[in-house]
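Undergrad: Can you read through this structure? Questions will come right after.
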Amino acid sequence: MDRNEWLTRLKQHRVIGVVRAGEAPLAYQMGVTLAEAGIRLIEITWDCPEVARIIPRLQKAYPDCWVGTGTILHLADLQRALQVGVDFILTPHTDRELLTTSLAAGVPLVPGALTPTEIMQAYRWGAPAVKVFPIGSWGAAAYLRQLRAPLGQIPLIPTGGVTRANAGDILAAGAVAVGLSRDLFPEPWFSRRDWAGLRRELGAWLRELGLTEVATGDWP
């Protein structure tokens, strides 16, 4: 898969749902809930128990979704994730060896960066998109608009502080996509393990964003 296919997916679906949980059955069910709510890009963080079993299981159950991983910090973890067959990888930082290794294997890796210098360096090293992390600590949509002025050619994916409340503003500010984690599982539905209620809640939010159906056209 080349970078154009990855960018097409990002432009179509625009929301990456991030699952981080301390129990394997819970992580799997959270992934199922995201898929059934209509989120097509799902990240199961590498620190989840049994992540190497959860990802293929979700891929098989929901072939219209792309299931990847995140919080990859070291080459050994990356190599194992590639063996698992992940569809994409996100990292909280930029590591050239991780980036080039993943791209050589045909798997898009989105490195994390924050400043214009870091973002530009990651892009020069071949990143198909750059994760702006943690966007919530730096003004969210306002910071992204400032970045986009000189760096508008680089596809940016803000994460870390993106919520259902501010995701629309961040997308309108020019993000190619956004990543959300805990805010996708609000109370009281999550504590009650009310998965049907969570699906309805997320489905309503996706409709508000205009993402119930696959979106087409250029990102801002």
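We name chains A, B, ... following the order of the structure tokens; residues begin at 1 in each chain, and ligands are numbered from 1 as shown.
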Got a sec: who's within 10 Å of A:Asp95, counting only C-alpha atoms, leaving out chain neighbours fewer than 2 positions off, as a PyMOL selection string?
TA: chain A and resi 73-75+91-93+97-100+111-112+122+125
Undergrad: Find the residues around A:Leu41 up to 6 Å (only C-alpha atoms counted), leave out those fewer than 5 positions away in its own chain, and share them as a VMD selection string.
TA: chain A and resid 16 65 to 66
Undergrad: Got a sec: who's within 8 Å of A:Asp87, counting only C-alpha atoms, leaving out chain neighbours fewer than 2 positions off, as a list in words?
TA: Trp66, Val67, Gly68, Gly85, Ile89, Val107 and Pro108 of chain A
Undergrad: Please dump the current selection as an mmCIF file, in the first residue's frame; keep N, CA and C atoms.
TA:
data_model
loop_
_atom_site.group_PDB
_atom_site.id
_atom_site.type_symbol
_atom_site.label_atom_id
_atom_site.label_comp_id
_atom_site.auth_asym_id
_atom_site.auth_seq_id
_atom_site.Cartn_x
_atom_site.Cartn_y
_atom_site.Cartn_z
ATOM 1 N N TRP A 66 -9.746 -0.464 8.833
ATOM 2 C CA TRP A 66 -8.290 -0.583 8.921
ATOM 3 C C TRP A 66 -7.935 -0.574 10.397
ATOM 4 N N VAL A 67 -7.223 -1.599 10.837
ATOM 5 C CA VAL A 67 -6.870 -1.732 12.247
ATOM 6 C C VAL A 67 -5.355 -1.648 12.380
ATOM 7 N N GLY A 68 -4.904 -0.657 13.110
ATOM 8 C CA GLY A 68 -3.477 -0.451 13.305
ATOM 9 C C GLY A 68 -3.117 -0.429 14.772
ATOM 10 N N GLY A 85 0.687 -7.950 11.178
ATOM 11 C CA GLY A 85 -0.084 -7.551 10.000
ATOM 12 C C GLY A 85 -0.917 -6.310 10.205
ATOM 13 N N ILE A 89 0.532 2.358 11.597
ATOM 14 C CA ILE A 89 1.207 2.537 12.883
ATOM 15 C C ILE A 89 1.309 4.015 13.187
ATOM 16 N N VAL A 107 3.923 -0.463 5.196
ATOM 17 C CA VAL A 107 2.926 -0.100 6.208
ATOM 18 C C VAL A 107 3.123 1.367 6.572
ATOM 19 N N PRO A 108 2.093 2.209 6.411
ATOM 20 C CA PRO A 108 2.255 3.626 6.740
ATOM 21 C C PRO A 108 2.489 3.833 8.228
#
Undergrad: Taking 4 positions as the minimum chain separation for residues in the same chain, which residues sit within 12 Å of A:Asn166 when counting only C-alpha atoms? Answer as a PDB file with C-alpha atoms, in the first residue's frame.
TA:
ATOM      1  CA  ILE A 135      -2.396  19.251  20.347  1.00  0.00           C
ATOM      2  CA  GLY A 136      -4.621  19.915  23.369  1.00  0.00           C
ATOM      3  CA  GLY A 139      -4.249  25.559  21.661  1.00  0.00           C
ATOM      4  CA  ALA A 140      -5.908  22.794  19.632  1.00  0.00           C
ATOM      5  CA  ALA A 141      -7.545  24.319  16.526  1.00  0.00           C
ATOM      6  CA  ALA A 142      -5.824  27.695  16.954  1.00  0.00           C
ATOM      7  CA  PRO A 158      -3.796  16.089  15.716  1.00  0.00           C
ATOM      8  CA  THR A 159      -4.101  13.820  18.749  1.00  0.00           C
ATOM      9  CA  GLY A 160      -3.769  14.201  22.500  1.00  0.00           C
ATOM     10  CA  GLY A 161      -6.522  16.490  23.717  1.00  0.00           C
ATOM     11  CA  VAL A 162      -8.876  15.980  20.766  1.00  0.00           C
ATOM     12  CA  ILE A 170      -9.843  20.948  14.469  1.00  0.00           C
ATOM     13  CA  LEU A 171     -10.947  19.305  11.236  1.00  0.00           C
ATOM     14  CA  ALA A 172     -12.206  22.657   9.969  1.00  0.00           C
ATOM     15  CA  ALA A 173      -8.816  24.170  10.831  1.00  0.00           C
ATOM     16  CA  VAL A 178      -7.995  13.464  14.128  1.00  0.00           C
ATOM     17  CA  GLY A 179      -7.252  10.817  16.738  1.00  0.00           C
ATOM     18  CA  LEU A 180      -9.450  10.388  19.807  1.00  0.00           C
ATOM     19  CA  ASP A 183     -13.495  10.663  24.931  1.00  0.00           C
ATOM     20  CA  TRP A 205     -21.580  12.296  16.915  1.00  0.00           C
ATOM     21  CA  LEU A 209     -19.540  15.681  11.819  1.00  0.00           C
TER      22      LEU A 209
END
Undergrad: Determine which residues of stretch 114-161 of chain A DSSP labels as helix (DSSP H, G or I) from the backbone of this structure, then write them out as a short mmCIF file (atom, residue, chain, number, x, y, z; two decimals) with C-alpha atoms, in the first residue's frame.
TA:
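File produced: out19.cif:
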data_model
loop_
_atom_site.label_atom_id
_atom_site.label_comp_id
_atom_site.auth_asym_id
_atom_site.auth_seq_id
_atom_site.Cartn_x
_atom_site.Cartn_y
_atom_site.Cartn_z
CA PRO A 116 7.29 23.21 12.95
CA THR A 117 10.90 21.99 12.93
CA GLU A 118 9.94 18.52 14.17
CA ILE A 119 7.02 18.26 11.75
CA MET A 120 9.12 19.32 8.77
CA GLN A 121 11.90 16.89 9.68
CA ALA A 122 9.47 13.97 9.92
CA TYR A 123 7.98 14.86 6.55
CA ARG A 124 11.41 15.12 4.92
CA ILE A 135 -2.40 19.25 20.35
CA GLY A 136 -4.62 19.92 23.37
CA SER A 137 -1.77 21.42 25.34
CA TRP A 138 -0.97 23.93 22.59
CA ALA A 141 -7.54 24.32 16.53
CA ALA A 142 -5.82 27.69 16.95
CA TYR A 143 -2.39 26.07 17.04
CA LEU A 144 -3.19 23.92 14.04
CA ARG A 145 -4.21 26.98 12.01
CA GLN A 146 -0.86 28.57 12.82
CA LEU A 147 0.98 25.43 11.74
CA ARG A 148 -0.97 25.13 8.54
CA ALA A 149 -0.03 28.62 7.38
CA PRO A 150 3.59 27.65 6.56
CA LEU A 151 3.13 23.85 6.49
#
Undergrad: For A:Leu184, which residue among A:Ile157, A:Leu109, A:Leu82, A:Val19 is the nearest when counting only C-alpha atoms?
TA: A:Val19
Undergrad: Going by DSSP on the backbone, which bits of stretch 112-167 of chain A are strand (DSSP E or B)? Write them as a list of chain:residue names, please.
TA: A:Gly112, A:Ala113, A:Val130, A:Lys131, A:Val132, A:Leu156, A:Ile157, A:Pro158
Undergrad: Could those residues be written to a file, using N, CA and C atoms, as a PDB file, in the first residue's frame?
TA:
ATOM      1  N   GLY A 112       4.948  11.071  15.603  1.00  0.00           N
ATOM      2  CA  GLY A 112       4.495  12.201  16.386  1.00  0.00           C
ATOM      3  C   GLY A 112       5.505  13.327  16.390  1.00  0.00           C
ATOM      4  N   ALA A 113       5.003  14.557  16.325  1.00  0.00           N
ATOM      5  CA  ALA A 113       5.833  15.762  16.372  1.00  0.00           C
ATOM      6  C   ALA A 113       4.968  16.895  16.883  1.00  0.00           C
ATOM      7  N   VAL A 130       1.832  13.461   9.529  1.00  0.00           N
ATOM      8  CA  VAL A 130       2.498  13.680  10.810  1.00  0.00           C
ATOM      9  C   VAL A 130       1.437  13.848  11.897  1.00  0.00           C
ATOM     10  N   LYS A 131       1.641  13.150  12.984  1.00  0.00           N
ATOM     11  CA  LYS A 131       0.766  13.245  14.151  1.00  0.00           C
ATOM     12  C   LYS A 131       1.208  14.437  14.997  1.00  0.00           C
ATOM     13  N   VAL A 132       0.320  15.405  15.181  1.00  0.00           N
ATOM     14  CA  VAL A 132       0.632  16.577  16.001  1.00  0.00           C
ATOM     15  C   VAL A 132       0.188  16.267  17.431  1.00  0.00           C
ATOM     16  N   LEU A 156      -1.636  16.670   8.440  1.00  0.00           N
ATOM     17  CA  LEU A 156      -1.456  16.667   9.888  1.00  0.00           C
ATOM     18  C   LEU A 156      -2.618  15.960  10.567  1.00  0.00           C
ATOM     19  N   ILE A 157      -2.292  15.141  11.573  1.00  0.00           N
ATOM     20  CA  ILE A 157      -3.291  14.392  12.340  1.00  0.00           C
ATOM     21  C   ILE A 157      -3.141  14.764  13.809  1.00  0.00           C
ATOM     22  N   PRO A 158      -3.893  15.730  14.298  1.00  0.00           N
ATOM     23  CA  PRO A 158      -3.796  16.089  15.716  1.00  0.00           C
ATOM     24  C   PRO A 158      -4.344  14.992  16.621  1.00  0.00           C
TER      25      PRO A 158
END
Undergrad: Quick one: residues within 10 Å of A:Ala37, only C-alpha atoms, excluding same-chain residues fewer than 5 positions away - as a PDB file with C-alpha atoms, in the first residue's frame?
TA:
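Written out: around-v9.pdb:
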ATOM      1  CA  GLY A  31     -12.703  -1.945  19.110  1.00  0.00           C
ATOM      2  CA  VAL A  32     -15.926  -3.709  18.152  1.00  0.00           C
ATOM      3  CA  TRP A 195     -22.059  -0.965  24.322  1.00  0.00           C
ATOM      4  CA  ALA A 196     -25.332  -0.387  22.495  1.00  0.00           C
ATOM      5  CA  LEU A 198     -22.073   3.862  23.235  1.00  0.00           C
ATOM      6  CA  ARG A 199     -22.716   2.896  19.614  1.00  0.00           C
ATOM      7  CA  ARG A 200     -25.731   5.188  19.503  1.00  0.00           C
ATOM      8  CA  GLU A 201     -23.787   8.030  21.108  1.00  0.00           C
ATOM      9  CA  LEU A 202     -20.869   7.684  18.699  1.00  0.00           C
ATOM     10  CA  GLY A 203     -23.162   7.269  15.725  1.00  0.00           C
ATOM     11  CA  ALA A 204     -24.917  10.524  16.597  1.00  0.00           C
ATOM     12  CA  TRP A 205     -21.580  12.296  16.915  1.00  0.00           C
ATOM     13  CA  LEU A 206     -20.396  11.003  13.542  1.00  0.00           C
ATOM     14  CA  THR A 212     -21.882   8.754   8.754  1.00  0.00           C
TER      15      THR A 212
END
Undergrad: Rank A:Thr45, A:Phe190, A:Tyr28, A:Val176 by their smallest atom-to-atom distance to A:Gln59, using only C-alpha atoms, and report the top residue only.
TA: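 Once distances to A:Gln59 are computed over only C-alpha atoms, the minimum belongs to A:Tyr28.
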Undergrad: May I ask which of the residues A:Ser191, A:Thr8, A:Ser181, A:Thr115 is the closest one to A:Gly70, counting only C-alpha atoms?
TA: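 So, comparing all the options, the nearest one is A:Ser181.
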Undergrad: What does the distance between atom CA of A:Phe88 and atom CA of A:Glu208 come to in Å, to one decimal place?
TA: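 Distance between the two atoms: 26.5 Å.
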Undergrad: For A:Pro56, work out the shell of residues within 9 Å, counting only C-alpha atoms and skipping chain neighbours fewer than 3 positions away, then give it as a list in words.
TA: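 The neighbour list is Val51, Ala52, Arg53, Gln59, Lys60, Ala61, Val67, Val84, Gly85 and Val86 of chain A.
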Undergrad: Pick out the closest residue to A:Thr163 from this set: A:Leu10, A:Val15, A:Ile44, A:Ala35. Count only C-alpha atoms.
TA: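 Closest to A:Thr163, using only C-alpha atoms: A:Val15.
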